[in-house]
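What follows is a set of notes on a single structure, which appears directly below.
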Amino acid sequence: MWKEISVLIHKEMTLEWRQKYALNGILLYVVSAVFITYLSVGAKTGNLSIPTWNALYWIIILFSAVNAVAKSFVQEHQGRQLYYYMIASPEAIILSKMIYNTGLTLILALLGYGVFSVILGNPVEDQGLFLLNLVLGAMGFSASLTMVSGIASKAGNNATLMAILSFPVIIPILMMAIRISKNALDGLDWSVSVDKLLTLLAINAIVAVTGYILFPYLWKS
Amino acid sequence: MRQSWWKILAIALLLYTLIAGLLMDVPRLPILNETIRALHFHVTMWFGMILMLVISVVYSVKYLRSNDLKHDDIAIEFTNAAILFGVLGIVTGMLWAKFTWGDYWSGDPKQNATAIGILMYFAYLILRNSLTDSQQRARIGAIYSIFAFAAFIPLIFVLPRLTDSLHPGNGGNPGFNAYDMDSKLRMVFYPAVIGWTLFGSWIATIRVRMRRVERTLEDQIINS
């Protein structure tokens, strides 16, 4: 099982590396989105309040993640999907995609953080908590978005469907992540955020486990 | 009689709710005053909605295990009825909020969470309508319905409790709480929950039967 997953993750990475334009496209998407935000809010240093920084950052990460993960079931054509169906178990496929997408979302989030820090300033007081929150947020985003992109790919995979299906499902994760991130920005003590971190972890677990149980039914059709 | 006793029970309970809920003495609480009667008509909507969503999820699971379209009929129609209850719950809640909090929309965490929940189930309906094959529609619909329900539960039960809510019983507001919910209110509230849920199930079962009749008619046209 674990061997299968690692082979599948390796396959995803090779595939991504071969089609570099998709990866580069999504990276450029993040940078342009941050730059548009910068120009729109007219933020010279100190002009942007901390809650707004936080909200803008997470919204950009949300949209980039939706775009990045949306392609996870369409970049390979039907014939090859049938081939995977025969050689790999659905559990291994969903887990490998979730793990791979976690990595991808995390890269996007870190890149976004870097660009944000350079252009809009970096008001984060507690780097450790902020980064831990990014990891948890990326896990939650990828768990729910991978499953939703699987569903959307069965329904003709239009972008609208992907967005309307994923936004309501992802909101609990997003709201927890924004709250923890606010604590990190204000440099509050870790004890304030521990229960929130645990709640976020629990929501991630619920979403991931539900996806894991339901995916075999989706894969069969 | 054996099949319709629960419909008679529903009518009786709802009549009781209407009469007792509007006429019985209620405790006088600051701010709430007479609007506390909304408990029987607003809060019960949420209870009915959640119960019907649970039924719908159970039948979605049954569908995935058996691939029998009969289960899917029940799942979709109970979701429809639950959405109706959800919309009514939001509308009654907004009316109530106008008179107690001063605004139709006050950005209360519970208000926001339920609005998101409604969005989730509207998305479910759109997803179903975007698929044409009935087996495919039932399967993908069931999968999303279960998935959405798993995300819906933390949304309405966990998140609002982490922040202060304007709702009675939260953050020091008087109202719906173990120690200050009056026993007189309970006498109407619990029958009202049962009555409304039965009423919703009644709507759902009628629509399930309509669906089955339509399908049989379609089959006859195709086969003739």
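By order in the structure tokens, chains are A, B, ...; within a chain, residues start at 1; ligands start at 1, following the order shown.
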
### Task
Would you kindly report the residues of chain A within 6 Å of chain B, using only C-alpha atoms, as a PyMOL selection string?
chain A and resi 155+164-165+168-169+172

Selection from above, N, CA and C atoms, as a PDB file, in the first residue's frame, can you write it?
ATOM      1  N   ALA A 155     -18.509  15.387 -13.768  1.00  0.00           N
ATOM      2  CA  ALA A 155     -19.634  16.179 -14.262  1.00  0.00           C
ATOM      3  C   ALA A 155     -19.168  17.161 -15.335  1.00  0.00           C
ATOM      4  N   ILE A 164     -18.325  26.297  -7.125  1.00  0.00           N
ATOM      5  CA  ILE A 164     -19.488  26.282  -6.230  1.00  0.00           C
ATOM      6  C   ILE A 164     -19.509  25.047  -5.356  1.00  0.00           C
ATOM      7  N   LEU A 165     -18.938  23.930  -5.840  1.00  0.00           N
ATOM      8  CA  LEU A 165     -18.922  22.734  -4.998  1.00  0.00           C
ATOM      9  C   LEU A 165     -17.894  22.864  -3.886  1.00  0.00           C
ATOM     10  N   PRO A 168     -18.280  26.140  -0.353  1.00  0.00           N
ATOM     11  CA  PRO A 168     -18.945  25.900   0.921  1.00  0.00           C
ATOM     12  C   PRO A 168     -18.260  24.822   1.756  1.00  0.00           C
ATOM     13  N   VAL A 169     -17.702  23.799   1.079  1.00  0.00           N
ATOM     14  CA  VAL A 169     -17.075  22.713   1.830  1.00  0.00           C
ATOM     15  C   VAL A 169     -15.796  23.196   2.500  1.00  0.00           C
ATOM     16  N   PRO A 172     -15.285  25.990   6.445  1.00  0.00           N
ATOM     17  CA  PRO A 172     -14.862  25.740   7.828  1.00  0.00           C
ATOM     18  C   PRO A 172     -13.346  25.738   7.986  1.00  0.00           C
TER      19      PRO A 172
END

Tell me, which residues of segment 39-142 of chain A carry DSSP helix (DSSP H, G or I), written as a compact mmCIF listing (two decimals) with C-alpha atoms, in the first residue's frame?
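Okay, part.txt is ready:
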# COMPACT_ATOMS: atom_id res chain seq x y z
CA LEU A 39 -2.21 47.80 -6.81
CA SER A 40 -5.93 47.63 -5.96
CA VAL A 41 -5.67 48.33 -2.25
CA ILE A 50 -3.36 43.46 9.70
CA PRO A 51 -6.80 41.78 9.45
CA THR A 52 -7.02 42.91 5.82
CA TRP A 53 -3.55 41.54 5.07
CA ASN A 54 -4.63 38.26 6.58
CA ALA A 55 -7.91 38.07 4.68
CA LEU A 56 -6.34 39.02 1.34
CA TYR A 57 -3.57 36.46 1.80
CA TRP A 58 -5.96 33.60 2.49
CA ILE A 59 -8.35 34.52 -0.29
CA ILE A 60 -5.48 34.50 -2.79
CA ILE A 61 -4.27 31.13 -1.50
CA LEU A 62 -7.82 29.77 -1.70
CA PHE A 63 -8.27 30.77 -5.34
CA SER A 64 -4.82 29.57 -6.38
CA ALA A 65 -5.36 26.26 -4.62
CA VAL A 66 -8.74 25.77 -6.32
CA ASN A 67 -7.10 26.40 -9.68
CA ALA A 68 -4.09 24.22 -8.95
CA VAL A 69 -6.01 21.23 -7.66
CA ALA A 70 -8.85 21.46 -10.21
CA LYS A 71 -6.69 19.85 -12.85
CA SER A 72 -5.68 16.84 -10.77
CA PHE A 73 -8.20 14.53 -12.44
CA GLN A 78 -9.64 8.63 -20.06
CA GLY A 79 -7.64 5.72 -21.42
CA ARG A 80 -4.87 6.21 -18.92
CA GLN A 81 -7.37 6.56 -16.07
CA LEU A 82 -8.76 3.18 -17.05
CA TYR A 83 -5.24 1.79 -16.90
CA TYR A 84 -4.75 3.12 -13.35
CA TYR A 85 -8.13 1.71 -12.47
CA MET A 86 -6.87 -1.74 -13.34
CA ILE A 87 -3.47 -1.62 -11.68
CA PRO A 90 -8.63 3.59 -5.40
CA GLU A 91 -7.47 4.20 -1.81
CA ALA A 92 -3.88 4.49 -2.95
CA ILE A 93 -4.87 6.85 -5.74
CA ILE A 94 -6.83 9.25 -3.55
CA LEU A 95 -4.16 9.24 -0.82
CA SER A 96 -1.36 9.85 -3.29
CA LYS A 97 -3.28 12.70 -4.90
CA MET A 98 -4.10 14.23 -1.51
CA ILE A 99 -0.47 14.06 -0.40
CA TYR A 100 0.81 15.43 -3.69
CA ASN A 101 -1.74 18.27 -3.69
CA THR A 102 -0.82 19.11 -0.10
CA GLY A 103 2.73 19.64 -1.27
CA LEU A 104 1.60 21.69 -4.25
CA THR A 105 -0.70 23.89 -2.13
CA LEU A 106 2.06 24.34 0.41
CA ILE A 107 4.47 25.51 -2.30
CA LEU A 108 1.83 27.97 -3.53
CA ALA A 109 1.20 29.21 0.01
CA LEU A 110 4.91 29.68 0.70
CA LEU A 111 5.44 31.47 -2.60
CA GLY A 112 2.43 33.68 -1.87
CA TYR A 113 3.83 34.40 1.60
CA GLY A 114 7.19 35.35 0.12
CA VAL A 115 5.71 37.69 -2.46
CA PHE A 116 3.35 39.17 0.11
CA SER A 117 6.24 39.84 2.49
CA VAL A 118 8.25 41.59 -0.22
CA ILE A 119 5.49 43.72 -1.68
CA LEU A 120 2.96 44.27 1.10
CA GLN A 127 6.68 32.70 12.24
CA GLY A 128 6.52 29.17 13.68
CA LEU A 129 2.79 29.26 14.32
CA PHE A 130 2.13 30.89 10.96
CA LEU A 131 4.05 28.20 9.07
CA LEU A 132 2.49 25.36 11.06
CA ASN A 133 -0.90 26.86 10.25
CA LEU A 134 0.07 26.99 6.57
CA VAL A 135 0.90 23.28 6.62
CA LEU A 136 -2.43 22.41 8.30
CA GLY A 137 -4.33 24.72 5.97
CA ALA A 138 -2.66 23.17 2.92
CA MET A 139 -3.61 19.70 4.18
CA GLY A 140 -7.23 20.69 4.64
CA PHE A 141 -7.44 22.50 1.29
CA SER A 142 -5.93 19.61 -0.60
